[in-house]
$ cat input.txt   # compact mmCIF, C-alpha atoms
# COMPACT_ATOMS: atom_id res chain seq x y z
CA MET A 10 113.58 83.69 125.13
CA VAL A 11 110.83 83.91 122.48
CA ALA A 12 113.23 82.83 119.74
CA ALA A 13 114.33 79.82 121.82
CA ILE A 14 110.72 78.76 122.41
CA PHE A 15 109.87 78.83 118.72
CA ASP A 16 113.18 77.21 117.80
CA ALA A 17 112.17 74.28 120.00
CA ALA A 18 108.66 74.21 118.51
CA ALA A 19 109.77 74.42 114.88
CA ALA A 20 109.74 70.68 114.18
CA THR A 21 106.03 70.32 115.02
CA TYR A 22 104.73 73.88 114.58
CA ASP A 23 101.45 73.85 112.62
CA THR A 24 101.79 70.13 111.86
CA VAL A 25 99.60 68.42 114.51
CA ASP A 26 96.30 68.24 112.61
CA VAL A 27 94.75 71.36 114.15
CA PRO A 28 94.03 74.00 111.48
CA TRP A 29 94.89 77.16 113.35
CA PHE A 30 97.76 79.32 112.11
CA ARG A 31 96.93 78.74 108.45
CA PRO A 32 93.26 79.85 108.51
CA ILE A 33 94.21 82.86 110.64
CA ALA A 34 96.98 83.76 108.19
CA GLU A 35 94.91 83.15 105.08
CA HIS A 36 92.25 85.58 106.26
CA LEU A 37 94.91 88.20 106.92
CA VAL A 38 96.25 87.80 103.39
CA ARG A 39 92.77 87.98 101.85
CA GLU A 40 92.04 91.25 103.65
CA LEU A 41 95.38 92.72 102.54
CA ALA A 42 94.49 91.84 98.93
CA PRO A 43 98.02 91.44 97.51
CA ALA A 44 98.28 92.23 93.81
CA SER A 45 100.35 90.57 91.15
CA GLY A 46 103.86 92.01 91.02
CA GLU A 47 103.90 93.42 94.54
CA LYS A 48 106.82 93.08 96.92
CA ALA A 49 105.77 91.79 100.36
CA LEU A 50 107.37 91.26 103.76
CA ASP A 51 106.16 88.53 106.11
CA VAL A 52 107.28 89.51 109.63
CA GLY A 53 107.61 86.48 111.89
CA SER A 54 107.12 84.03 109.05
CA GLY A 55 107.26 80.81 111.08
CA ARG A 56 106.64 77.86 108.78
CA GLY A 57 104.96 79.93 106.10
CA ALA A 58 101.28 80.26 107.01
CA VAL A 59 101.33 83.78 105.56
CA THR A 60 104.32 83.36 103.25
CA PHE A 61 102.83 80.87 100.82
CA PRO A 62 99.45 82.61 100.33
CA LEU A 63 101.34 85.87 99.77
CA ALA A 64 103.64 84.23 97.25
CA GLU A 65 100.71 82.82 95.31
CA ALA A 66 98.94 86.18 95.28
CA VAL A 67 101.88 88.31 94.10
CA GLY A 68 102.82 85.74 91.44
CA ASP A 69 106.06 85.22 89.58
CA SER A 70 106.40 88.94 88.92
CA GLY A 71 106.22 89.70 92.65
CA HIS A 72 108.35 88.67 95.59
CA VAL A 73 107.91 87.73 99.25
CA THR A 74 110.58 87.99 101.93
CA GLY A 75 109.98 86.15 105.18
CA ILE A 76 111.87 86.98 108.36
CA ASP A 77 111.99 85.11 111.66
CA LEU A 78 114.36 85.19 114.62
CA ALA A 79 114.11 81.43 115.27
CA ASN A 80 116.67 79.56 113.19
CA GLY A 81 114.61 76.35 113.34
CA MET A 82 111.62 78.10 111.80
CA VAL A 83 113.75 79.63 109.03
CA GLU A 84 115.31 76.28 108.16
CA ALA A 85 111.92 74.52 108.16
CA LEU A 86 110.42 77.19 105.90
CA ARG A 87 113.37 77.09 103.52
CA ALA A 88 112.94 73.32 103.24
CA GLN A 89 109.24 73.71 102.40
CA ILE A 90 110.01 76.38 99.80
CA LYS A 91 112.46 74.01 98.14
CA ASP A 92 110.06 71.05 98.31
CA ARG A 93 107.25 73.09 96.76
CA GLY A 94 109.47 74.57 94.07
CA VAL A 95 108.49 78.14 94.99
CA SER A 96 110.81 80.61 93.31
CA ASN A 97 109.51 84.02 94.42
CA VAL A 98 110.30 83.73 98.16
CA ASP A 99 113.38 84.16 100.30
CA VAL A 100 113.65 83.76 104.08
CA LEU A 101 116.09 85.48 106.40
CA ILE A 102 116.98 85.33 110.09
CA GLN A 103 116.06 88.80 111.32
CA ASP A 104 114.48 90.51 114.29
CA ALA A 105 110.81 91.37 113.72
CA ALA A 106 111.23 94.41 115.95
CA ASN A 107 113.75 96.02 113.62
CA PRO A 108 113.94 94.44 110.15
CA ASP A 109 117.12 95.30 108.29
CA PHE A 110 115.95 96.68 104.96
CA GLU A 111 116.13 100.02 103.22
CA ALA A 112 113.23 102.42 103.67
CA ALA A 113 110.30 102.23 101.25
CA THR A 114 111.16 98.69 100.12
CA PHE A 115 107.79 96.91 100.34
CA ASP A 116 104.29 97.33 98.95
CA LEU A 117 102.79 95.45 101.87
CA ILE A 118 103.78 93.99 105.22
CA ALA A 119 101.92 91.16 106.94
CA SER A 120 102.54 89.93 110.47
CA SER A 121 100.38 87.21 111.97
CA LEU A 122 100.33 86.66 115.75
CA VAL A 123 103.71 88.31 116.28
CA LEU A 124 103.28 91.91 117.40
CA PHE A 125 102.35 91.09 121.01
CA PHE A 126 105.62 89.19 121.50
CA LEU A 127 107.79 92.21 120.70
CA PRO A 128 109.30 94.24 123.55
CA ASP A 129 108.10 97.58 122.11
CA PRO A 130 105.16 97.06 119.72
CA ALA A 131 104.77 100.80 119.07
CA ALA A 132 108.40 101.10 117.95
CA ALA A 133 108.03 98.01 115.75
CA VAL A 134 105.04 99.33 113.81
CA ARG A 135 106.86 102.65 113.33
CA ARG A 136 109.81 100.78 111.87
CA TRP A 137 107.51 98.75 109.62
CA HIS A 138 105.88 102.00 108.47
CA ASP A 139 109.27 103.24 107.24
CA LEU A 140 109.74 100.06 105.21
CA LEU A 141 106.53 100.60 103.24
CA ARG A 142 106.44 102.45 99.96
CA PRO A 143 103.99 105.37 99.70
CA GLY A 144 100.50 103.88 99.76
CA GLY A 145 101.82 100.57 101.10
CA ARG A 146 99.66 98.50 103.45
CA LEU A 147 100.21 96.83 106.80
CA GLY A 148 98.09 94.03 108.23
CA VAL A 149 98.57 92.40 111.64
CA SER A 150 96.63 89.73 113.48
CA THR A 151 96.36 89.54 117.27
CA PHE A 152 94.17 87.62 119.69
CA GLY A 153 90.86 88.80 121.09
CA GLU A 154 88.58 86.97 123.52
CA ARG A 155 88.54 83.20 124.11
CA ASP A 156 85.46 81.18 124.92
CA ALA A 157 84.95 79.85 128.46
CA ASN A 158 86.35 76.39 127.67
CA PHE A 159 89.46 77.81 126.02
CA LEU A 160 89.99 80.05 129.02
CA ALA A 161 89.43 77.21 131.49
CA VAL A 162 92.03 74.92 129.99
CA ASP A 163 94.61 77.74 129.83
CA GLU A 164 93.91 78.59 133.47
CA VAL A 165 95.09 75.13 134.54
CA PHE A 166 98.60 76.57 134.15
CA THR A 167 97.95 79.74 136.15
CA PRO A 168 99.25 78.54 139.55
CA TYR A 169 102.62 77.73 137.97
CA LEU A 170 103.20 80.85 135.89
CA PRO A 171 105.61 83.65 136.81
CA ALA A 172 104.31 87.22 136.84
CA GLN A 173 105.56 88.08 133.37
CA MET A 174 103.64 85.16 131.88
CA LEU A 175 100.48 85.93 133.83
CA ASP A 176 100.55 89.38 132.24
CA ALA A 177 101.42 88.09 128.77
CA ARG A 178 100.09 90.39 126.05
CA ALA A 179 99.63 87.34 123.80
CA SER A 180 96.48 86.52 125.74
CA GLY A 181 94.78 89.62 124.37
CA THR A 182 93.86 90.81 127.87
CA THR A 183 96.50 93.42 128.71
CA GLY A 184 97.91 96.63 127.27
CA PRO A 185 96.96 97.79 123.77
CA PHE A 186 96.03 94.22 122.83
CA ALA A 187 93.03 94.20 125.16
CA THR A 188 90.86 96.17 122.71
CA ASP A 189 90.46 96.91 119.03
CA ALA A 190 90.97 100.60 119.77
CA GLY A 191 94.24 99.86 121.56
CA VAL A 192 95.78 98.10 118.56
CA GLU A 193 94.39 100.70 116.17
CA ALA A 194 96.06 103.41 118.29
CA LEU A 195 99.44 101.70 117.82
CA LEU A 196 99.07 102.09 114.06
CA THR A 197 97.56 105.57 114.12
CA SER A 198 100.33 106.87 116.39
CA ALA A 199 102.91 105.45 113.99
CA GLY A 200 101.46 107.45 111.10
CA TYR A 201 99.26 104.90 109.37
CA LEU A 202 96.09 106.12 107.64
CA ASP A 203 92.70 104.48 107.14
CA VAL A 204 93.25 102.23 110.15
CA ARG A 205 90.52 99.63 110.52
CA THR A 206 89.76 96.37 112.33
CA VAL A 207 88.15 93.17 111.12
CA ARG A 208 87.24 90.34 113.50
CA ARG A 209 86.84 86.65 112.91
CA GLU A 210 86.19 83.67 115.18
CA VAL A 211 88.49 80.69 114.74
CA THR A 212 87.68 77.25 116.15
CA ALA A 213 90.28 74.67 117.14
CA ILE A 214 88.98 71.09 117.07
CA PHE A 215 90.54 68.34 119.20
CA ARG A 216 89.97 64.59 119.38
CA ASP A 217 90.82 64.37 123.06
CA ALA A 218 93.03 65.82 125.78
CA ASP A 219 96.15 64.15 124.39
CA HIS A 220 95.57 65.91 121.08
CA TRP A 221 95.27 69.26 122.86
CA ILE A 222 98.47 68.59 124.81
CA GLU A 223 100.35 67.69 121.61
CA TRP A 224 99.11 70.93 120.03
CA SER A 225 100.08 73.02 123.06
CA TRP A 226 103.67 71.80 122.84
CA SER A 227 103.83 72.65 119.12
CA HIS A 228 103.66 76.44 119.47
CA GLY A 229 104.33 79.27 121.91
CA GLN A 230 102.24 77.68 124.66
CA ARG A 231 105.12 75.30 125.31
CA ALA A 232 106.52 78.14 127.43
CA MET A 233 103.68 77.48 129.88
CA TRP A 234 104.69 73.83 130.11
CA GLY A 235 108.22 75.02 130.77
CA ALA A 236 106.94 76.86 133.86
CA VAL A 237 105.46 73.64 135.30
CA PRO A 238 107.91 71.49 137.32
CA GLU A 239 108.52 68.13 135.67
CA ASP A 240 107.06 66.27 138.63
CA GLN A 241 103.81 68.23 138.23
CA HIS A 242 103.26 67.52 134.52
CA ALA A 243 101.10 64.47 135.18
CA THR A 244 98.91 66.47 137.57
CA VAL A 245 98.46 69.24 135.01
CA GLN A 246 97.68 66.74 132.24
CA ALA A 247 95.03 65.09 134.39
CA GLU A 248 93.39 68.42 135.16
CA ILE A 249 93.45 69.37 131.47
CA ALA A 250 91.75 66.05 130.66
CA ARG A 251 89.06 66.80 133.26
CA VAL A 252 88.43 70.32 131.90
CA LEU A 253 88.29 69.16 128.29
CA ALA A 254 85.96 66.28 129.10
CA GLY A 255 83.45 68.91 130.21
CA ALA A 256 83.99 70.82 126.97
CA ARG A 257 82.81 68.01 124.68
CA ASP A 258 79.65 68.78 122.72
CA ASP A 259 76.84 66.37 121.84
CA THR A 260 78.89 64.93 118.99
CA GLY A 261 81.89 64.25 121.22
CA THR A 262 83.91 67.05 119.68
CA ILE A 263 86.11 69.35 121.74
CA ALA A 264 85.85 72.76 120.09
CA LEU A 265 87.68 75.76 121.54
CA ARG A 266 86.84 79.17 120.07
CA GLN A 267 89.05 82.24 119.83
CA HIS A 268 88.35 85.69 118.41
CA VAL A 269 91.11 86.98 116.15
CA ARG A 270 91.56 90.69 115.52
CA TYR A 271 92.91 91.89 112.17
CA THR A 272 94.17 95.47 112.12
CA PHE A 273 95.08 97.28 108.92
CA GLY A 274 96.56 100.61 107.89
CA ARG A 275 98.42 102.23 105.04
CA ARG A 276 101.30 104.60 104.59
CA ALA A 277 100.44 107.99 103.12
$ encode --input "input.txt" --output "structure tokens"
Amino acid sequence: MVAAIFDAAAATYDTVDVPWFRPIAEHLVRELAPASGEKALDVGSGRGAVTFPLAEAVGDSGHVTGIDLANGMVEALRAQIKDRGVSNVDVLIQDAANPDFEAATFDLIASSLVLFFLPDPAAAVRRWHDLLRPGGRLGVSTFGERDANFLAVDEVFTPYLPAQMLDARASGTTGPFATDAGVEALLTSAGYLDVRTVRREVTAIFRDADHWIEWSWSHGQRAMWGAVPEDQHATVQAEIARVLAGARDDTGTIALRQHVRYTFGRRA
């Protein structure tokens, strides 16, 4: 189901004039501090928000492999790689939960806003641990708290959502993803050392409700739209417009704020 959602979103993912995935990914890469010549794995590479900063950091003597389960994302990223003339990257269709590589292949692994989608996050980070060389580093980003306006607009969908979506770990409110300590425990239990968390607030800026709606269809939130009956879409859109009108600041800007958690560890 997750692969199908992102396959459908691939054409517009991260292209609707809302800097979001790229600043989140760029901060993850900066904290991981890739070095020239290193071999890196981007788990859940999407359209390359992490891939391209990694490729620039490791340079021509290094290499980045991106993996994603959504064919549309892989094809879109391959097209961008070709257009940009980037030669130190390859992209494969693979399952983030169990990447198919030999043990001790990579110097670092980055995964931005992916871990909470996986059926067994603890098993995934154990598998990623095996893929790291001794001393190799892992960095993952997950969501923390949203501001009241962000929460209010998301809650417009609540009456329509099935139980599994109401309890979605992607919201950062359930399971290990509810706290920094919970995500750190995933890594510690998998054998990572020097586990640490860094937090950063990211702000999404919208012109109006239509802009927010366009953005929501361009990523995983389109699953929430899929839970709304077609004949109720206009009602939901009107309520979103009402909520966002109340979120405008004195300059007329709609700014929704989200805390992002970055969790890091290394293999012994």
$ closest_residue --input "input.txt" --among "A:Val237, A:Ala218, A:Leu127, A:Val67" --to "Ser45 (chain A)" --atoms "only C-alpha atoms"
A:Val67
$ closest_residue --input "input.txt" --among "A:Gln267, A:Thr260, A:Asn80, A:Asn97" --to "Thr151 (chain A)" --atoms "only C-alpha atoms"
A:Gln267
$ atom_distance --input "input.txt" --atom1 "CA of Thr197 (chain A)" --atom2 "CA of Asn107 (chain A)"
18.8 Å
$ atom_distance --input "input.txt" --atom1 "CA of Val252 (chain A)" --atom2 "CA of Asp163 (chain A)"
9.9 Å
$ residues_around --input "input.txt" --residues "Ile90 (chain A)" --least-positions-apart "6" --cutoff "9 Å" --atoms "all atoms listed in the file" --output "list in words"
Gly57, Phe61, Ser96, Val98 and Asp99 of chain A
$ closest_atom_pairs --input "input.txt" --of "region 209-250 of chain A" --to "region 154-157 of chain A" --cutoff "10 Å" --atoms "only C-alpha atoms" --output "tab-separated table"
residue	atom	partner	partner_atom	distance
A:Glu210	CA	A:Arg155	CA	9.2
A:Val211	CA	A:Arg155	CA	9.7
A:Thr212	CA	A:Asp156	CA	9.9
$ residues_around --input "input.txt" --residues "Ala277 (chain A)" --least-positions-apart "3" --cutoff "7 Å" --atoms "only C-alpha atoms" --output "ChimeraX atom specification"
/A:143-144,202
$ closest_residue --input "input.txt" --among "A:Thr262, A:Thr182, A:Ser198, A:Thr272" --to "Ser150 (chain A)" --atoms "all atoms listed in the file"
A:Thr272
$ atom_distance --input "input.txt" --atom1 "CA of Val38 (chain A)" --atom2 "CA of Pro128 (chain A)"
24.9 Å
$ closest_residue --input "input.txt" --among "A:Ala64, A:Ala112, A:Leu160, A:Val52" --to "Arg93 (chain A)" --atoms "all atoms listed in the file"
A:Ala64
$ residues_around --input "input.txt" --residues "region 32-34 of chain A" --least-positions-apart "3" --cutoff "8 Å" --atoms "only C-alpha atoms" --output "JSON, numbers by chain"
{"A": [28, 29, 37, 38, 58, 59, 121, 150, 211, 269]}
$ residues_around --input "input.txt" --residues "Leu41 (chain A)" --least-positions-apart "2" --cutoff "10 Å" --atoms "all atoms listed in the file" --output "number ranges by chain"
A: 35-39, 43-44, 63, 117-119, 146-149, 271, 273-274
$ closest_residue --input "input.txt" --among "A:Asp16, A:Glu164, A:Asp116, A:Asp77" --to "Val245 (chain A)" --atoms "only C-alpha atoms"
A:Glu164
$ residues_around --input "input.txt" --residues "Thr60 (chain A)" --least-positions-apart "4" --cutoff "8 Å" --atoms "all atoms listed in the file" --output "list in words"
Asp51, Ser54, Ala64, Val73, Thr74, Gly75 and Val98 of chain A
$ write_last_selection --input "input.txt" --atoms "C-alpha atoms" --output "short mmCIF file (atom, residue, chain, number, x, y, z; two decimals), in the coordinates of the input"
data_model
loop_
_atom_site.label_atom_id
_atom_site.label_comp_id
_atom_site.auth_asym_id
_atom_site.auth_seq_id
_atom_site.Cartn_x
_atom_site.Cartn_y
_atom_site.Cartn_z
CA ASP A 51 106.16 88.53 106.11
CA SER A 54 107.12 84.03 109.05
CA ALA A 64 103.64 84.23 97.25
CA VAL A 73 107.91 87.73 99.25
CA THR A 74 110.58 87.99 101.93
CA GLY A 75 109.98 86.15 105.18
CA VAL A 98 110.30 83.73 98.16
#
$ closest_residue --input "input.txt" --among "A:Tyr169, A:Phe152, A:Tyr22, A:Phe215" --to "Thr188 (chain A)" --atoms "all atoms listed in the file"
A:Phe152
$ residues_near_point --input "input.txt" --point "(99.5, 86.6, 122.8)" --cutoff "9 Å" --atoms "all atoms listed in the file" --output "JSON, numbers by chain"
{"A": [122, 123, 124, 125, 126, 151, 152, 177, 178, 179, 180, 181, 182, 186, 229]}
$ write_last_selection --input "input.txt" --atoms "C-alpha atoms" --output "CSV table (one decimal), in the coordinates of the input"
chain,number,residue,atom,x,y,z
A,122,LEU,CA,100.3,86.7,115.8
A,123,VAL,CA,103.7,88.3,116.3
A,124,LEU,CA,103.3,91.9,117.4
A,125,PHE,CA,102.4,91.1,121.0
A,126,PHE,CA,105.6,89.2,121.5
A,151,THR,CA,96.4,89.5,117.3
A,152,PHE,CA,94.2,87.6,119.7
A,177,ALA,CA,101.4,88.1,128.8
A,178,ARG,CA,100.1,90.4,126.0
A,179,ALA,CA,99.6,87.3,123.8
A,180,SER,CA,96.5,86.5,125.7
A,181,GLY,CA,94.8,89.6,124.4
A,182,THR,CA,93.9,90.8,127.9
A,186,PHE,CA,96.0,94.2,122.8
A,229,GLY,CA,104.3,79.3,121.9
